[in-house]
Each structure stands twice: as C-alpha cells, then as structure tokens.
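*Asks:* Before I ask anything, let me first share the structure, which is written out below as structure tokens.
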Amino acid sequence: MLKYIIQRIITFIPMLIAISLIAFIISINAPGDPVERLSKAAGNEGSAEKQSGASKKIKQELRKKLGLDLPIFYFSITDLASSDTLYRIQDKYHKKNLEALTHQSGNWGAVSDYYNALLKLQKSHQSIDIKSITAKDSSLNVNEVTEANNQFGVEIGSLLETSNKLLIAGKFDKMNTLLIDNIFLSNIKQQLQEVQNSNNNLVSKSQTWKTYIPNINFYGSKNQYHLWLFGNGKERKGLLRGDFGISYIDSQPIQDKIWQKVGISFSLSLISIFLAYLISIPIGIYSAYKKDSVADKGMSLILFILYSMPSFFVGTLLLLQFANPDNLSWFPVSGIQDPTLFNPEWSIWQKIKHRLPFLILPIITYTYGSFAFLSRIMRVGMIDIVTQDYIRTARAKGLGESKVILKHALRNSLLPVITVFAAIFPMAIGGSIIIEVIFSIPGMGVEVFNSILNYDYPMIITVFTLSGFLTMIGYLVSDILYAVVDPRISYK
Amino acid sequence: MQNTNKEFSFKKYAWTQFKKNKIALVCLYLLFTLIVLAVFAPYIANDRPLYAVYNGKTLFPAFASETRSDSIYKNGEFLHVLQYDITDWRSLDLKSVIWAPIPYSPSSMDRYNRDYASPSGKQRFKNKDGDIVEIPSKFRHRLGTDGIGRDLAAGLIHGTRISLMVGLVSMGIAALIGIILGALAGFFGDNKLQMPRIKYWMTLFGLFMGIFYGFGQRKYILSDAFGTSISNGILQTFISIIIIFGTVFLFRKLSLLLKFRYLKDETNVPIDTFVSRGIELLNSIPRLLLIITITAVVERSIWIVMIIIGLTSWTGIARFTRAEFLRIRSLEFVQAAESLGFSSVRTIFKHALPNALAPVFVSIAFGIASAILIESGLSFLGIGVPTDIVTWGSLLNLGRQNLEAWWLIIYPGMAIFITITIYNMIAEASRDALDPKLKS
C-alpha cells in the first residue's frame, strides 16, 4: 500500500513539472512588455522628459525585480549565429529585432556593431539642444526645427525595431534628406554614416551558414523559470512557496487577490456538488432498479436532453424567468448581497439568510451542470453491480429487495463518489467562469474573466498553474482513497 | 443465425440497428437540414436580392462577389455605378425582384428597427418614397433584432455555419492526432516496437533537428505567411512538417552506417508510456481554462479557436483508439498480416484501423457536441472569437445583457441546445448500434 502511494507520488512530480512548463511557455509568449504594463498600473507614466529620467530608472528596477534581465530557461536552443548574451538587452522589441537581424545575417558581431552604432546615434541625437540652436540662429523657425528633430528621432526609434531590408533603406533615405534640409543636424552626420556602414556590413559580412547549425547554451539556475518557480531566497519567494507575482491591473500581489475571492467559489462548488449527489444518486438507483420500465426510459430521455442543455443557456433562462420584472421577480438579478442592506457585523446566520435569495439561481445552475451527467453515470454503475454474483447471492439468501439494493449494491456503486475529490479543488480556484459571469458573483470565475479582458497575464497563468496542480493532487487523493476503501482493487 | 448469412455485413447490421432508434433517425435528418442551411446560408439570408432586373439589366446580386460593381445605363446613357456591397437594394427601383427568404445579412444593420425590435411588436420600414411606414410582411424581422438593428434570423442561419465548421475542423484535427497516437500506442504497446539502439537515438535526434529546421529556422517565414493570410500560413506549416518528416527519415537512414556492436542491439521504444502520460497530462488541466489561457495570448480569430479546441480534445479519441487496438492486435487477422511480413504501417492502417473505427466514430460525434459547446461558451463570454463575427453564443450574450429581449435568449439558446442534442443523440444511437455490448 505504502509502496503504491510512493510510486504514485513519484509519477506525480514529472506531471507537475510539465504543467508548470506549459504555463511558463504560455506566459513568456504573452504579448506586450510586462514592465510597461506594471509601470502604467502604478501610474508612473509621466511626460516625455520625466520618462527619460526617474521613470526609466524605476522601470529598470522593476525589470530586475521581475527577473527579466535573466535568461529564460536553464538552457536555450538556438543556432550558432545567435548570441548567448542576447537576454541582457532590456527592451523586448529591440531583443526581437536583434534576433531577426541575426537570423538574416548570421553574423552576431556585425549585428551588435550595427545596434551599438544606432544606440550611439540615438544618444547624440537626444543630446541636441533645440533651444540653444534656435537661440543662436534667429533665422530658424522653432516649430520647424522641433518637427524635423522629432522626425529624426522617430526614424531612429523605428530603425531599432525593424529588420525588413526595404523598410531600413527607406528610413535611411528619409534620414539623409532630413540631414540635407536641416543644417543643425550635421553634427551627427558622422554617426549616421557609421550606422549605414555597419548596416552594409550585415550583408557583406553575412555568415548565413551559421544559422543552420544548432547550438545549446546553458545558463544555470539563475533564470526566469527558476525564479518564477522557486524564487531567489530574497524578495521573490517563488510559486511553490506561495508567491504568485503581481497583478497588472492594480499592482496587488496575486495571492492576496485569490484569497479574497476563493471562498465564495469554493463554497458554491461544494454546495452544488453535494446537492447534485443528493439528487442524482436516488434517481440513478431508481432507474437502474426499474431498468427498461416506462419510468426508466422516460427518465433517461429527460436526463439525456438535460445533459445536452448548456449551463449558460439554463442560467440565462432562469434569469429571464425568475429575476425579470416582466415575468417573475422572485430573485435579485446579480451579485451575492445587497450593499445597501448588508452589514459585515452580522452573525453568520444573518449573513446566510441575507445571501440565500442571491445564491439560489446560481446554485441551481451549478448543480444542474453536474446532476444530469452524474445520474447517468450512477445508473450505468448500478446496472453493472445489480447483475453481479454477490447480488444474486444476496437475493438467493432471501433478503428483502430494499435491503439488497440499499445495503449491498449501493455501497459499491458509491465508489465513483470519490472521484469528486479530483474536481472540487480546481473548480474552486478556477471557479465556474460562465456561471459566475452570468450571475455576477464576485468569485474566482469573474476574477479570471476580468483578468482575460484586461490581459492580466500573471493572474491567468497563476490560476492555470494552480488548477493544474490541484487537479493532479485531486487525482492523487482519489486514487489513494480508492485503494484504501475498495479492497478488491490491488495495486502492484 | 444471422452470421451464417452470406450477405451479412457489419455495416448493414449496424445501419439496421441504428434505424430501429426512431429518435436518432429524426436527429440524422435534422443534421442534414442543418448542413443544408449552413451550406446555403448566403442565399437563405442575404440583404442583396437573389435575382433583380434594374433598368433593363438582369442581375444576380446574392450570387456575385461582394466587391463587384456594375455600370448602369439608362436608355444608352450612363446613370451611375452600382456597388454591390454598399447599395441599399430595397430603395432601388427594381422591375422584378426575388428576395432571399430572409432579406437581411447577419451584419447588416436596419437603422429603423434598432433597440431590440420584438418579433411580434411594431417594426418600421422606409419605403421607396422615403416615408416611414409599418413594415411589409416580406421584410419583417420574424425573430426580432438586436440593439443595433441586426436581424436575428439571419444571424442564426449564418451561426449554423460557424457551429458546424467548429465541429468539423476541431474534431478533424483531434481525430487525426488521436487516431494516429492511439493506434501507435495500442498496437505497439510498451515492448512491441523494437529497433536498433542507434536507430532509436537517431530518430529522436532527427526529430530534434527536424523541429529545429522546420520550425526554429523557419519561424520568420511562418510568421510572415500567417501575417499575409491563413491559407498561406497553413501551406507554410505543411512545408515545415514535410521538412520535419524528411529530416527524421534522413537521420534514420543515416543510422544504418553506424550499426555495430552495442549500437546494434535491439531496444524497446516505450511508445505507450509516452502517449498515456501525454493523455494524463492533458486531462489533468481543466480544458476550458487551458483553451481560455491560450486564447488570451494569441490573436483573436475563429480559426485559432477551432485549432486550439482540436489540439486539446484529442485525448478521448486517442484513449478509445488505444483500447480498441489493444484488443485487435491479438486477433488472428492482424497476426496473419504480421506473419505475412507486412510492414507495421500497412498492418496498422490497412488492416487494423478499419476494424477499430467504430468506437472512435462514436467518440468523435460526442466530441463535436462538446466542441460546439465550448465554442458557444467562449463566444458567450466574448473570449477568443472576434466581436464582429455573429455566432449563436454571441447572440445569446446580447440577450443576457438585455433580459427584455427574450428572443435573443430563447432562439440562439435553442439553436445551440438542439444542435448539441442532435450530435449526442446520433453518437449514443450509433454506439448502441455498433456495439450492442455497450448498450446500457
């Protein structure tokens, strides 16, 4: 027995790693730059001048805190041409562009020369002081100069993010005409020439053969995945120790947000699963006991039709019928409490009494989703057991029919109940998105829904990973319980 | 006994069994109706007439391409250019005209019947003289409209198309993956597929190199192709897959050169373990959450939703195929095929697979129902599916937001419900017909 449990746990670990890897792969492919999102959420977006100073420093710190200055994984598979230090480039779009350029040219040295020349050009362009230029030469129009200067800056910025050869040539043309038209830019003519030369080198010194040879770089444990999962022992604790990161929406720690919301989803799913079993077990037993009778056939057909009815349709229908002033206004439309009446100091009993009318429709919808399915499973399991030898023996002994069914058959047909453990935890963490959205219940489902609408990737990924982990744990628990409860099942 | 009958064939037997289930037979006819509706949707619901005579010129606007434009002459004089997509056909002075049964397109907005025109209530219409009158029965919105005046009936007809496409495409992908993996896992098990150690290693290495050349090397080509059009992207993906197979084949041939001593020893390929673990892994992730998470990072497109549903729902099919192959591989005809020296590929796909397809077919039919359910759930939430595409789920969502428009809840909901019931019913009936043992 113990051996089986240990064996089960050993096969369980690679699955957890696989789930975390899937989640991580999805998260690093999420569009947008996390630093930009977070600094926006924190309200650091200032004017252009501010951006270059304080905000830039904040962003750099944020990048370091998030571990974005680290390589992505323990190792990377690239080609011979790519640089193994590319991860140090801060800007996500620059990084992508450099990757593309390296892929085209195959010569990392030439690419980095080009990039450095461009950065140098950008720096000396930024140091141009328009005020002093216009002050010196009164023939110049301030607006025109600023316009030309900004235009030049935009061209540099887009060069840093373009790998398309035609586009690059176009940008160079534009910059050169700007240079000719505006004398004040002539200081940086030299640098532009360097950029163009280094760009030409990309083609003339290209080593495309290098891109056809795979190359593996190892980075050790200082990487983003390791940091995300295990933390770094300092300010980041890692997913395994309950640190899930920061939400893009309001910069709050995700674990706090989840703790606030998980209770309502958990209790809803617990109540509804309990109710579903309470209804479906008698129905299953009855129709299995009266197999092939009219009642059984009718019930099967009804269950079948209910089973095909999507729960979001049922939920909306319930709202249409019972929470609609046009029809019957028995229940409130949304939420779980009336903010004008609700008092947080009430006793638990009062709170339940207040919330009950809000929860009836969601619980019906929730229960409905699993009840038709469970009844069908229960019926099939029961029919299977009723034909077994030991049931025949029990009948042959002369036991009453109700005793045979309720004492001998029921106990064994209830085994599938254990499987419920696999479903309860993930249902609580992921919530039932659709049902919670329909009834506006402030649980995890709505939280996930909002985070998807707002592209809050840390939240989505956390919920995904946690529900994967919890499903695995649920499977583990239910397997072990099976082994404990049912002596017929042997695990060797 | 029936089996002694020379005319007996399993297919005929299954079909007679299926026909005994009258409800399932009705469902089959309903499915055909749905398919007809989906195929002819542009001619059933269209705001351009099917046939019209305008200033002496005979036109078939609904059958022409949307961007077409004709120059119209009156008595030999140039009148104006008729642009098919922006013309208001109802205001034209048409000599004789045949309208589509539902004279609205799913996205065309009737500005006189905005704000949820009820099917039974008052609807307005602008006649040729420019007066606002009670709507003629031909142009009545029989199932009502939504908040911006789109016709619900037209939306439902075109939604049929999307729902059936979702079922077809996603289950096509799932069946392809599931059948191949399930067949390999079930047929070879863990210890039946043997190859020299070097060949095994070279295959894995070739797979790595194949993925490197096929996807790693070509990632810019692929993303460019997907940027231009979906069909272009799929073409390039096919080329990548061919490159992968070619590389694996090359490396396997290369392994013949290194066949000596230790490397020559036969070794087991635990293919069943790989596949079973993969199935277990995918099953342990809540499916809706997985699909939602992926749709959150990729761009919005109905095709991508279909592909994601397909890539995540092959496990059921693979499990059934595997179980069926485990049973079949010990039967005489497979052993006969093997002892005749047929290659494994031929034995699997020509001899074993046709006999394993029955339960697989059933799980595909159930799978289509759940794919449609997932897609309508996603568009109900407004996730993944672009907002400008009218689907049953998105229509139902409009109804949820405005409970007074009961027609936006009842009709799309019934459409989803009926379609899912049809598929489930057909699946269940064919399971009973194909394998009487499973009947419960």
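Chain labels A, B, ... are given in the sequence in which chains occur in the structure tokens; within each chain residues are numbered consecutively from 1, and ligands are likewise numbered from 1 in the order shown.
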Show me, as a PDB file with N, CA and C atoms, in the first residue's frame, the residues that have an atom within 9 Å of Pro71 (chain A) when counting only C-alpha atoms, minus same-chain residues fewer than 3 positions from it.

*Replies:*
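Below is the file selection_10.pdb, written as the result:
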ATOM      1  N   GLY A  67      12.930  39.843 -12.757  1.00  0.00           N
ATOM      2  CA  GLY A  67      13.867  38.855 -13.284  1.00  0.00           C
ATOM      3  C   GLY A  67      13.953  38.855 -14.784  1.00  0.00           C
ATOM      4  N   LEU A  68      13.511  39.952 -15.416  1.00  0.00           N
ATOM      5  CA  LEU A  68      13.506  39.976 -16.883  1.00  0.00           C
ATOM      6  C   LEU A  68      14.904  40.181 -17.455  1.00  0.00           C
ATOM      7  N   TYR A  74      16.859  27.176 -18.131  1.00  0.00           N
ATOM      8  CA  TYR A  74      18.160  26.626 -17.753  1.00  0.00           C
ATOM      9  C   TYR A  74      19.098  26.545 -18.946  1.00  0.00           C
ATOM     10  N   PHE A  75      18.509  26.300 -20.110  1.00  0.00           N
ATOM     11  CA  PHE A  75      19.329  26.260 -21.316  1.00  0.00           C
ATOM     12  C   PHE A  75      18.521  26.855 -22.451  1.00  0.00           C
ATOM     13  N   SER A  76      19.171  27.174 -23.533  1.00  0.00           N
ATOM     14  CA  SER A  76      18.421  27.640 -24.694  1.00  0.00           C
ATOM     15  C   SER A  76      18.960  26.943 -25.922  1.00  0.00           C
ATOM     16  N   ASP A  84      24.675  34.289 -27.018  1.00  0.00           N
ATOM     17  CA  ASP A  84      24.122  33.727 -25.785  1.00  0.00           C
ATOM     18  C   ASP A  84      23.931  34.807 -24.729  1.00  0.00           C
ATOM     19  N   THR A  85      24.223  36.049 -25.073  1.00  0.00           N
ATOM     20  CA  THR A  85      24.043  37.125 -24.086  1.00  0.00           C
ATOM     21  C   THR A  85      22.932  38.082 -24.508  1.00  0.00           C
ATOM     22  N   LEU A  86      22.145  37.637 -25.475  1.00  0.00           N
ATOM     23  CA  LEU A  86      21.092  38.498 -26.003  1.00  0.00           C
ATOM     24  C   LEU A  86      20.073  38.878 -24.935  1.00  0.00           C
ATOM     25  N   TYR A  87      19.883  37.978 -23.943  1.00  0.00           N
ATOM     26  CA  TYR A  87      18.866  38.230 -22.916  1.00  0.00           C
ATOM     27  C   TYR A  87      19.163  39.488 -22.109  1.00  0.00           C
ATOM     28  N   ARG A  88      20.399  40.003 -22.218  1.00  0.00           N
ATOM     29  CA  ARG A  88      20.731  41.188 -21.422  1.00  0.00           C
ATOM     30  C   ARG A  88      20.135  42.455 -22.000  1.00  0.00           C
ATOM     31  N   TYR A 219      22.677  28.029 -18.866  1.00  0.00           N
ATOM     32  CA  TYR A 219      22.747  29.243 -18.063  1.00  0.00           C
ATOM     33  C   TYR A 219      22.772  28.990 -16.572  1.00  0.00           C
ATOM     34  N   LYS A 222      20.262  30.555 -12.502  1.00  0.00           N
ATOM     35  CA  LYS A 222      19.827  31.958 -12.494  1.00  0.00           C
ATOM     36  C   LYS A 222      19.033  32.238 -13.743  1.00  0.00           C
ATOM     37  N   ASN A 223      17.771  31.817 -13.749  1.00  0.00           N
ATOM     38  CA  ASN A 223      16.950  32.083 -14.928  1.00  0.00           C
ATOM     39  C   ASN A 223      15.529  32.388 -14.507  1.00  0.00           C
ATOM     40  N   GLN A 224      14.726  32.832 -15.485  1.00  0.00           N
ATOM     41  CA  GLN A 224      13.370  33.296 -15.165  1.00  0.00           C
ATOM     42  C   GLN A 224      12.476  32.179 -14.660  1.00  0.00           C
ATOM     43  N   TYR A 225      12.609  30.990 -15.243  1.00  0.00           N
ATOM     44  CA  TYR A 225      11.753  29.887 -14.837  1.00  0.00           C
ATOM     45  C   TYR A 225      12.035  29.500 -13.390  1.00  0.00           C
TER      46      TYR A 225
END

*Asks:* Skip Asn75 (chain B) itself and residues of its chain fewer than 3 positions away, then list as a list in words all residues within 12 Å of it, counting only C-alpha atoms.

*Replies:*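 So, after excluding close chain neighbours, the residues are Asn55, Gly56, Lys57, Ile72, Phe78 and Leu79 of chain B.
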
*Asks:* May I have the residues of chain A within 6 Å of chain B, counting only C-alpha atoms, written as a ChimeraX atom specification?

*Replies:* /A:30,308-309,313,320,468,471

*Asks:* Which residue is closest to Ile162 (chain B)? Choose from B:Lys19, B:Ala38, B:Ser120, B:Arg346 and count only C-alpha atoms.

*Replies:*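 That would be B:Ala38, the residue with the smallest distance to Ile162 (chain B).
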
*Asks:* Name the residues in contact with Leu94 (chain B) at a cut-off of 8 Å, using only C-alpha atoms, excluding same-chain residues fewer than 6 positions from it; report them as a list in words.

*Replies:* Ala52, Val53, Tyr54 and Asn55 of chain B

*Asks:* Next, dump the selected residues to file, keeping only N, CA and C atoms, as an mmCIF file, in the first residue's frame.

*Replies:*
data_model
loop_
_atom_site.group_PDB
_atom_site.id
_atom_site.type_symbol
_atom_site.label_atom_id
_atom_site.label_comp_id
_atom_site.auth_asym_id
_atom_site.auth_seq_id
_atom_site.Cartn_x
_atom_site.Cartn_y
_atom_site.Cartn_z
ATOM 1 N N ALA B 52 -32.682 40.191 -59.768
ATOM 2 C CA ALA B 52 -33.311 41.504 -59.870
ATOM 3 C C ALA B 52 -33.136 42.026 -61.293
ATOM 4 N N VAL B 53 -34.125 42.776 -61.780
ATOM 5 C CA VAL B 53 -33.988 43.460 -63.068
ATOM 6 C C VAL B 53 -33.979 44.951 -62.761
ATOM 7 N N TYR B 54 -32.870 45.595 -63.110
ATOM 8 C CA TYR B 54 -32.720 47.012 -62.792
ATOM 9 C C TYR B 54 -32.391 47.752 -64.072
ATOM 10 N N ASN B 55 -33.259 48.654 -64.469
ATOM 11 C CA ASN B 55 -33.068 49.422 -65.691
ATOM 12 C C ASN B 55 -32.733 48.532 -66.882
#

*Asks:* From a DSSP calculation on the backbone, collect every residue of region 109-317 of chain A in strand (DSSP E or B) and output the set as a list in words.

*Replies:*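 Restricting region 109-317 of chain A to strand (DSSP E or B) produces Pro214, Asn215, Ile216, Asn217, Phe218, Ile246 and Pro253 of chain A.
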
*Asks:* Convert the current residue selection to file output with C-alpha atoms, as a JSON list (two decimals), in the first residue's frame.

*Replies:*
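Saved result, part-v5.json, follows:
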[["chain", "number", "residue", "atom", "x", "y", "z"],
["A", 214, "PRO", "CA", 22.00, 24.21, -33.76],
["A", 215, "ASN", "CA", 23.65, 25.35, -30.57],
["A", 216, "ILE", "CA", 22.77, 24.78, -26.93],
["A", 217, "ASN", "CA", 23.66, 27.32, -24.28],
["A", 218, "PHE", "CA", 23.49, 26.52, -20.57],
["A", 246, "ILE", "CA", 1.95, 40.99, -9.12],
["A", 253, "PRO", "CA", 0.06, 40.56, -5.05]]

*Asks:* Please report the interatomic distance between CA of Lys189 (chain A) and CA of Ser158 (chain A) in Å with one decimal.

*Replies:* 18.4 Å

*Asks:* For Asp88 (chain B), list every protein, DNA or RNA residue within 9 Å, evaluated using only C-alpha atoms, and leave out those in the same chain fewer than 4 positions away; present the list as a count of residues only.

*Replies:* 4

*Asks:* List the spatial neighbours of Ile102 (chain B) as a PDB file with N, CA and C atoms, in the first residue's frame - criterion: any atom at most 9 Å away, only C-alpha atoms, same-chain residues fewer than 3 positions off excluded.

*Replies:*
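And here is the file that came out, selection_29.pdb:
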ATOM      1  N   TYR B  43     -27.498  32.329 -49.407  1.00  0.00           N
ATOM      2  CA  TYR B  43     -28.647  32.507 -50.301  1.00  0.00           C
ATOM      3  C   TYR B  43     -29.958  32.461 -49.533  1.00  0.00           C
ATOM      4  N   ILE B  44     -29.885  32.008 -48.249  1.00  0.00           N
ATOM      5  CA  ILE B  44     -31.099  31.989 -47.435  1.00  0.00           C
ATOM      6  C   ILE B  44     -31.264  33.325 -46.720  1.00  0.00           C
ATOM      7  N   ALA B  45     -30.167  33.845 -46.222  1.00  0.00           N
ATOM      8  CA  ALA B  45     -30.238  35.124 -45.523  1.00  0.00           C
ATOM      9  C   ALA B  45     -29.253  36.084 -46.168  1.00  0.00           C
ATOM     10  N   ASN B  46     -29.763  37.036 -46.929  1.00  0.00           N
ATOM     11  CA  ASN B  46     -28.894  37.975 -47.620  1.00  0.00           C
ATOM     12  C   ASN B  46     -29.675  39.257 -47.879  1.00  0.00           C
ATOM     13  N   ASP B  47     -29.039  40.392 -47.684  1.00  0.00           N
ATOM     14  CA  ASP B  47     -29.783  41.627 -47.943  1.00  0.00           C
ATOM     15  C   ASP B  47     -29.735  42.027 -49.412  1.00  0.00           C
ATOM     16  N   TRP B  99     -36.359  38.172 -53.598  1.00  0.00           N
ATOM     17  CA  TRP B  99     -35.540  38.349 -52.408  1.00  0.00           C
ATOM     18  C   TRP B  99     -35.189  36.990 -51.813  1.00  0.00           C
ATOM     19  N   SER B 105     -28.659  40.415 -44.175  1.00  0.00           N
ATOM     20  CA  SER B 105     -27.392  39.748 -43.907  1.00  0.00           C
ATOM     21  C   SER B 105     -27.161  39.812 -42.403  1.00  0.00           C
ATOM     22  N   LYS B 138     -42.988  40.977 -45.998  1.00  0.00           N
ATOM     23  CA  LYS B 138     -41.799  40.396 -46.635  1.00  0.00           C
ATOM     24  C   LYS B 138     -40.520  40.765 -45.857  1.00  0.00           C
ATOM     25  N   PHE B 139     -40.467  42.010 -45.364  1.00  0.00           N
ATOM     26  CA  PHE B 139     -39.237  42.495 -44.730  1.00  0.00           C
ATOM     27  C   PHE B 139     -39.294  42.444 -43.212  1.00  0.00           C
ATOM     28  N   ARG B 140     -40.321  41.827 -42.687  1.00  0.00           N
ATOM     29  CA  ARG B 140     -40.465  41.770 -41.238  1.00  0.00           C
ATOM     30  C   ARG B 140     -39.304  40.991 -40.621  1.00  0.00           C
ATOM     31  N   HIS B 141     -38.800  41.480 -39.488  1.00  0.00           N
ATOM     32  CA  HIS B 141     -37.788  40.707 -38.755  1.00  0.00           C
ATOM     33  C   HIS B 141     -38.540  39.659 -37.951  1.00  0.00           C
ATOM     34  N   ARG B 142     -38.644  38.459 -38.508  1.00  0.00           N
ATOM     35  CA  ARG B 142     -39.537  37.480 -37.900  1.00  0.00           C
ATOM     36  C   ARG B 142     -39.065  37.009 -36.537  1.00  0.00           C
ATOM     37  N   ASP B 151     -30.587  41.572 -37.899  1.00  0.00           N
ATOM     38  CA  ASP B 151     -31.681  40.614 -37.913  1.00  0.00           C
ATOM     39  C   ASP B 151     -31.244  39.316 -37.224  1.00  0.00           C
ATOM     40  N   ALA B 153     -32.751  36.285 -37.256  1.00  0.00           N
ATOM     41  CA  ALA B 153     -32.865  35.082 -38.079  1.00  0.00           C
ATOM     42  C   ALA B 153     -31.638  34.930 -38.978  1.00  0.00           C
ATOM     43  N   ALA B 154     -31.195  36.038 -39.576  1.00  0.00           N
ATOM     44  CA  ALA B 154     -30.006  35.973 -40.427  1.00  0.00           C
ATOM     45  C   ALA B 154     -28.790  35.556 -39.612  1.00  0.00           C
TER      46      ALA B 154
END

*Asks:* Select, from A:Val484, A:Ile156, A:Leu361, A:Leu278, the residue with the minimum atom-to-atom distance to Gly335 (chain A), counting only C-alpha atoms.

*Replies:* A:Leu361

*Asks:* Hey, what's within 12 Å of region 231-240 of chain B if we count only C-alpha atoms and toss same-chain stuff fewer than 3 positions away? As a short mmCIF file (atom, residue, chain, number, x, y, z; two decimals) with C-alpha atoms, in the first residue's frame, please?

*Replies:*
data_model
loop_
_atom_site.label_atom_id
_atom_site.label_comp_id
_atom_site.auth_asym_id
_atom_site.auth_seq_id
_atom_site.Cartn_x
_atom_site.Cartn_y
_atom_site.Cartn_z
CA GLY B 210 13.65 18.37 -37.84
CA ILE B 211 11.91 20.69 -35.41
CA PHE B 212 14.98 22.95 -35.47
CA TYR B 213 14.93 23.24 -39.26
CA GLY B 214 11.17 23.04 -39.69
CA PHE B 215 10.05 25.49 -37.03
CA GLY B 216 13.10 27.10 -35.41
CA GLN B 217 14.79 28.05 -38.67
CA ARG B 218 11.58 28.95 -40.45
CA LYS B 219 9.85 30.91 -37.72
CA TYR B 220 10.15 34.22 -39.57
CA ILE B 221 8.86 32.69 -42.80
CA LEU B 222 5.96 31.16 -40.89
CA SER B 223 5.00 34.32 -39.05
CA ASP B 224 5.20 36.32 -42.29
CA ALA B 225 2.98 33.79 -44.02
CA PHE B 226 0.41 33.84 -41.23
CA GLY B 227 0.59 37.62 -41.38
CA THR B 228 -0.48 37.67 -45.02
CA ILE B 243 10.81 19.15 -43.63
CA ILE B 244 10.49 17.54 -40.17
CA PHE B 245 9.48 14.18 -41.62
CA GLY B 246 12.21 14.39 -44.23
CA THR B 247 14.86 15.11 -41.61
CA TRP B 303 -9.84 29.68 -36.86
CA ILE B 304 -7.38 29.81 -34.00
CA ILE B 307 -7.40 24.79 -33.89
#

*Asks:* Write out as a PyMOL selection string which residues come within 10 Å of Ser363 (chain B) when counting only C-alpha atoms, dropping same-chain ones fewer than 5 positions away.

*Replies:* chain B and resi 171+175+314+316-321+357-358+368-369+424+427-428+431

*Asks:* Using C-alpha atoms, can you write the selected residues to a file as a PDB file, in the first residue's frame?

*Replies:*
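Result went into out.pdb, see below:
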ATOM      1  CA  MET B 171     -12.688  17.338 -34.456  1.00  0.00           C
ATOM      2  CA  ALA B 175      -9.268  12.804 -34.805  1.00  0.00           C
ATOM      3  CA  TRP B 314      -7.792  14.512 -28.926  1.00  0.00           C
ATOM      4  CA  GLY B 316     -10.731  10.905 -25.659  1.00  0.00           C
ATOM      5  CA  ILE B 317     -10.293   9.707 -29.234  1.00  0.00           C
ATOM      6  CA  ALA B 318      -6.765   8.508 -28.509  1.00  0.00           C
ATOM      7  CA  ARG B 319      -7.954   6.560 -25.462  1.00  0.00           C
ATOM      8  CA  PHE B 320     -10.674   4.788 -27.431  1.00  0.00           C
ATOM      9  CA  THR B 321      -8.382   4.008 -30.352  1.00  0.00           C
ATOM     10  CA  LEU B 357     -13.034   2.901 -36.242  1.00  0.00           C
ATOM     11  CA  ALA B 358     -16.491   2.153 -34.838  1.00  0.00           C
ATOM     12  CA  ILE B 368     -18.246  17.524 -31.960  1.00  0.00           C
ATOM     13  CA  ALA B 369     -21.032  18.215 -29.473  1.00  0.00           C
ATOM     14  CA  ASN B 424     -25.250  13.483 -28.710  1.00  0.00           C
ATOM     15  CA  ALA B 427     -23.493   9.404 -31.062  1.00  0.00           C
ATOM     16  CA  GLU B 428     -25.418   7.428 -28.485  1.00  0.00           C
ATOM     17  CA  ARG B 431     -22.753   3.446 -30.075  1.00  0.00           C
TER      18      ARG B 431
END

*Asks:* One decimal, Å: what's the distance from CA of Thr267 (chain B) over to CA of Leu184 (chain B), could you say?

*Replies:* 16.8 Å

*Asks:* Give the answer as one residue: which of A:Leu268, A:Ala295, A:Leu303, A:Met378 has the shortest atom-to-atom distance to Ile360 (chain A), using only C-alpha atoms?

*Replies:* A:Leu268

*Asks:* May I ask for the distance between CA of Gly284 (chain A) and CA of Leu476 (chain A), given in Å to one decimal place?

*Replies:* 26.9 Å
